[in-house]
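A short write-up of the structure that comes next.
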Amino acid sequence: MKNIFVVGMDSFNHELLKTLNDGEQYRFISLFDYEEVVNPPGFSYPSMNDLVDRARATFKLFDGTVDGIIGFWDFPTSALVPMIARDAGLAAPTLEAVARCEHKYYARLEQTKAVPDMVPRFQVINPFDEDPAEAVTLDYPFWVKPIKAHSSFLGFHVDGPETLRQCMATTREQISKLGEPFNEFLARVELPPEVEGIDGYHCIAEEIISAGFQCTLEGYCWENQVKVFGVVDSIKSKEKESTFSRYQYPSKLPSEVQARMVVATRELMRQIEYDGGAFNIEFFWNPDTDHIYLLEVNSRVSKSHSPLFLMVDGATNLKVPLDLALGRRPEFPSREGVHPLAGKFMLRYFEDGIIERLPDDNDLARLRELDPEARVVLEASEGMQLSELKLQDSYSYEVAAIFLGAESQKALLDKFEKAKEILGFKIRPLEGETAV
């Protein structure tokens, strides 16, 4: 029996982890509560240094071997896991390599060295400057976001100086939520001169590169070898092009385009000297120009894709960080699942409102009759106002995630429409009319 500590383990992902108990048995133990390190009240994260100390004390008192530590959440978990692992002498990438993924400006500098033709123009912006717009050298419009953020938190489309000033005012009020814990992580990292001083209280502005199709490559690095084990399409919402409506696996992009992305991924991950860890890396492909742009790289697998790999390949992608945490090369199946195609659908609303009804157990049972592999994650509770939801993008509210599999894309989309009907979500707009 291997004892695996999981940062912020929740019931949904625990069930996915338990599917890996085939042949070799694992005991998955939650390290820190989900509500503390992933979704804390008031969006106030504990000190990263305190969490490392608490993990050390937990391991010391644990009656058994500590065989590995894993995580699948965005920051701070993505940085906390290697911090704790290296403190405990467990397998993990170096903190410097993790920083080259997680620090958006540092990452762009490294990407420019490895794949310069795939990197958009970018620059640092200090939201605390008297007038941040005065330092802008990029042409409008562009995207601006914190050096460390996720889920499009504090990400803004900026069409001119006045918009930038308004966005930076909002950013100043909220950037510390992730900026402060990120600075604790950076304090443990040896940074190059060109990055020193550019901390979690800074933003990065980037040329817009979102034309065309977006996808994510999931992979890992082991003994200086870079392996990509899956490509997932990110499909945009018709209402807002900056917002996703679903993730779909496997990718429908041309195989030649995927192959070019794999080559670029290998060059980048070797450039940043990332080893012994999982990653996901996002690209855009513009079919009109045949140009590929690199969006970002994350030092973790994507939890959003975990059920998709299980449905299509026969194992959740959580198997990869599990194997790496145990100090061994991952072995991942291919196309051994029950569905040839799977999707994660994000049920979003684009206007504020009150949640009047969410699915109950009977609704979920009916959904499983439609697809026994279906899964639903609710992001809200009845009676909640949508604007109360945490870590949303700047333009929509995600109420639930619905995971489905099918024989074809048409069948998958039809199944989603049927699933929405079965689940019976009801949102009342603030002006009083009921929306289903």
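Ordering of the structure tokens sets the chain letters (A, B, ...), residue numbers begin anew at 1 in every chain, and ligands are numbered from 1 in the order given.
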Considering only C-alpha atoms, give me a table of residues in range 77-187 of chain A that are at most 9 Å from range 321-340 of chain A, with the closest atom pair and distance in Å for each, as JSON lines.
```
{"residue": "A:Ala85", "atom": "CA", "partner": "A:Ala325", "partner_atom": "CA", "distance": 8.7}
{"residue": "A:Leu90", "atom": "CA", "partner": "A:Ala325", "partner_atom": "CA", "distance": 7.3}
{"residue": "A:Ala91", "atom": "CA", "partner": "A:Ala325", "partner_atom": "CA", "distance": 5.4}
{"residue": "A:Ala92", "atom": "CA", "partner": "A:Ala325", "partner_atom": "CA", "distance": 6.8}
```
Would you mind exporting the chosen residues as an mmCIF file, in the first residue's frame, restricted to C-alpha atoms?
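Written output follows (part-v7.cif):
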```cif
data_model
loop_
_atom_site.group_PDB
_atom_site.id
_atom_site.type_symbol
_atom_site.label_atom_id
_atom_site.label_comp_id
_atom_site.auth_asym_id
_atom_site.auth_seq_id
_atom_site.Cartn_x
_atom_site.Cartn_y
_atom_site.Cartn_z
ATOM 1 C CA ALA A 85 7.804 17.649 -1.938
ATOM 2 C CA LEU A 90 10.120 13.534 -2.352
ATOM 3 C CA ALA A 91 10.198 13.511 -6.151
ATOM 4 C CA ALA A 92 9.351 16.852 -7.814
#
```
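Summary of the local environment: counting only C-alpha atoms, residues at most 9 Å from Glu296 in chain A, other than itself and those fewer than 5 positions away along its chain, are Cys101, Glu102, Lys104, Ala107, Arg108, Asn280, Ile281, Glu282 and Phe283 of chain A.
Note that CA of Pro307 in chain A and CA of Phe12 in chain A are 10.1 Å apart.
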Per residue of range 44-161 of chain A within 8 Å of range 195-208 of chain A, which atom pair is closest and at what distance in Å (one decimal), using only C-alpha atoms, listed by chain and increasing number, as a tab-separated table?
```
residue	atom	partner	partner_atom	distance
A:Lys104	CA	A:Ile204	CA	7.2
A:Tyr105	CA	A:Ile204	CA	6.5
A:Tyr106	CA	A:Val195	CA	6.3
A:Pro120	CA	A:Glu207	CA	5.6
A:Arg121	CA	A:Glu207	CA	5.3
A:Phe122	CA	A:Glu206	CA	4.3
A:Gln123	CA	A:Ala205	CA	5.4
A:Val124	CA	A:Ile204	CA	4.6
A:Ile125	CA	A:Cys203	CA	5.1
A:Asn126	CA	A:His202	CA	5.0
A:Pro127	CA	A:His202	CA	6.4
A:Leu138	CA	A:Glu207	CA	7.2
A:Asp139	CA	A:Glu207	CA	7.7
A:Pro141	CA	A:Ile208	CA	7.3
A:Phe142	CA	A:Glu207	CA	5.0
A:Trp143	CA	A:Glu206	CA	5.3
A:Val144	CA	A:Ala205	CA	4.2
A:Lys145	CA	A:Cys203	CA	5.4
A:Pro146	CA	A:Cys203	CA	4.0
A:Ile147	CA	A:Cys203	CA	4.9
A:Lys148	CA	A:Gly200	CA	5.9
```
Could those residues be written to a file, using C-alpha atoms, as a PDB file, in the first residue's frame?
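selection.pdb was written with the following content:
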```
ATOM      1  CA  LYS A 104       3.955  34.597 -16.780  1.00  0.00           C
ATOM      2  CA  TYR A 105       6.680  37.120 -17.620  1.00  0.00           C
ATOM      3  CA  TYR A 106       9.559  34.743 -16.817  1.00  0.00           C
ATOM      4  CA  PRO A 120       3.342  37.259 -29.063  1.00  0.00           C
ATOM      5  CA  ARG A 121       4.680  40.694 -28.169  1.00  0.00           C
ATOM      6  CA  PHE A 122       4.450  41.314 -24.430  1.00  0.00           C
ATOM      7  CA  GLN A 123       5.482  43.720 -21.696  1.00  0.00           C
ATOM      8  CA  VAL A 124       5.270  44.169 -17.931  1.00  0.00           C
ATOM      9  CA  ILE A 125       2.781  46.654 -16.487  1.00  0.00           C
ATOM     10  CA  ASN A 126       2.853  47.844 -12.885  1.00  0.00           C
ATOM     11  CA  PRO A 127      -0.762  48.458 -11.824  1.00  0.00           C
ATOM     12  CA  LEU A 138       2.079  47.628 -27.265  1.00  0.00           C
ATOM     13  CA  ASP A 139      -0.563  48.580 -29.781  1.00  0.00           C
ATOM     14  CA  PRO A 141      -6.111  46.302 -28.161  1.00  0.00           C
ATOM     15  CA  PHE A 142      -4.306  43.749 -25.987  1.00  0.00           C
ATOM     16  CA  TRP A 143      -4.893  41.413 -23.062  1.00  0.00           C
ATOM     17  CA  VAL A 144      -3.644  42.234 -19.579  1.00  0.00           C
ATOM     18  CA  LYS A 145      -3.538  39.882 -16.582  1.00  0.00           C
ATOM     19  CA  PRO A 146      -1.524  39.434 -13.381  1.00  0.00           C
ATOM     20  CA  ILE A 147       1.892  37.779 -13.469  1.00  0.00           C
ATOM     21  CA  LYS A 148       0.205  34.991 -11.490  1.00  0.00           C
TER      22      LYS A 148
END
```
(request) Run DSSP on the backbone of this structure and report the residues of range 266-423 of chain A it assigns to alpha helix (DSSP H), as a PyMOL selection string. (result) chain A and resi 266-271+306-313+319-325+361-370+409-423
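Taking only C-alpha atoms, the non-local environment of Val37 in chain A within 8 Å (same-chain residues fewer than 2 positions away omitted) comprises Val7, Gly8, Phe32, Asp33, Tyr34, Glu35, Asn39, Pro40, Tyr45, Pro46, Pro76 and Thr77 of chain A.
Considering only range 163-237 of chain A, backbone DSSP assigns strand (DSSP E) to Cys203, Ile204, Ala205, Glu206, Glu207, Phe213, Gln214, Cys215, Thr216, Leu217, Glu218, Gly219, Tyr220, Cys221, Trp222, Gln225, Val226, Lys227, Val228, Phe229, Gly230, Val231, Val232, Asp233, Ser234, Ile235 and Lys236 of chain A.
Among the candidates A:Phe128, A:Tyr397, A:Phe284, A:Phe244, the one nearest to Gln258 in chain A when counting only C-alpha atoms is A:Phe284.
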If we count only C-alpha atoms, what is near Lys2 in chain A at a cut-off of 7 Å, once residues fewer than 2 positions away on the same chain are taken out, given as a PDB file with C-alpha atoms, in the first residue's frame?
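File written: out-v4.pdb
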```pdb
ATOM      1  CA  ILE A   4      -0.203   9.391  -1.383  1.00  0.00           C
ATOM      2  CA  GLN A  25      -3.198  -0.255  -4.100  1.00  0.00           C
ATOM      3  CA  TYR A  26      -2.963   3.355  -3.038  1.00  0.00           C
ATOM      4  CA  ARG A  27      -4.261   5.177  -0.016  1.00  0.00           C
ATOM      5  CA  ASP A  67       5.399   7.833  -0.523  1.00  0.00           C
TER       6      ASP A  67
END
```
(request) Please provide the set of residues having any atom within 8 Å of range 398-411 of chain A, restricted to only C-alpha atoms, with same-chain residues fewer than 2 positions apart removed, written as an MDAnalysis selection string. (result) chainID A and resid 307:308 311 339:349 371 373:380 386 392 396 413:416
Please dump the current selection as a PDB file, in the first residue's frame; keep C-alpha atoms.
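Printed below is result_14.pdb as written:
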```pdb
ATOM      1  CA  PRO A 307     -12.728  12.545 -16.784  1.00  0.00           C
ATOM      2  CA  LEU A 308     -12.192  12.982 -20.541  1.00  0.00           C
ATOM      3  CA  MET A 311     -13.714   8.019 -20.859  1.00  0.00           C
ATOM      4  CA  HIS A 339     -16.165   6.384 -25.607  1.00  0.00           C
ATOM      5  CA  PRO A 340     -14.224   7.507 -28.701  1.00  0.00           C
ATOM      6  CA  LEU A 341     -15.018  11.153 -27.861  1.00  0.00           C
ATOM      7  CA  ALA A 342     -15.635  13.063 -24.639  1.00  0.00           C
ATOM      8  CA  GLY A 343     -16.332  16.637 -23.610  1.00  0.00           C
ATOM      9  CA  LYS A 344     -16.447  18.891 -20.590  1.00  0.00           C
ATOM     10  CA  PHE A 345     -19.256  21.404 -21.023  1.00  0.00           C
ATOM     11  CA  MET A 346     -19.155  24.608 -18.973  1.00  0.00           C
ATOM     12  CA  LEU A 347     -22.681  25.765 -18.238  1.00  0.00           C
ATOM     13  CA  ARG A 348     -22.314  29.558 -18.241  1.00  0.00           C
ATOM     14  CA  TYR A 349     -24.517  32.593 -17.873  1.00  0.00           C
ATOM     15  CA  ASP A 371     -24.729   8.235 -20.108  1.00  0.00           C
ATOM     16  CA  GLU A 373     -20.064   7.740 -17.510  1.00  0.00           C
ATOM     17  CA  ALA A 374     -21.571  11.216 -17.096  1.00  0.00           C
ATOM     18  CA  ARG A 375     -20.339  13.422 -14.247  1.00  0.00           C
ATOM     19  CA  VAL A 376     -21.508  16.801 -12.969  1.00  0.00           C
ATOM     20  CA  VAL A 377     -19.650  19.334 -10.827  1.00  0.00           C
ATOM     21  CA  LEU A 378     -21.809  22.096  -9.348  1.00  0.00           C
ATOM     22  CA  GLU A 379     -19.986  25.391  -8.838  1.00  0.00           C
ATOM     23  CA  ALA A 380     -22.830  27.171  -7.016  1.00  0.00           C
ATOM     24  CA  LEU A 386     -24.069  34.601  -9.731  1.00  0.00           C
ATOM     25  CA  GLN A 392     -14.789  33.718 -12.520  1.00  0.00           C
ATOM     26  CA  SER A 396     -19.373  35.203 -17.497  1.00  0.00           C
ATOM     27  CA  LEU A 413     -23.636  17.957 -28.677  1.00  0.00           C
ATOM     28  CA  ASP A 414     -27.085  16.372 -28.812  1.00  0.00           C
ATOM     29  CA  LYS A 415     -26.399  14.613 -25.515  1.00  0.00           C
ATOM     30  CA  PHE A 416     -25.433  17.916 -23.893  1.00  0.00           C
TER      31      PHE A 416
END
```
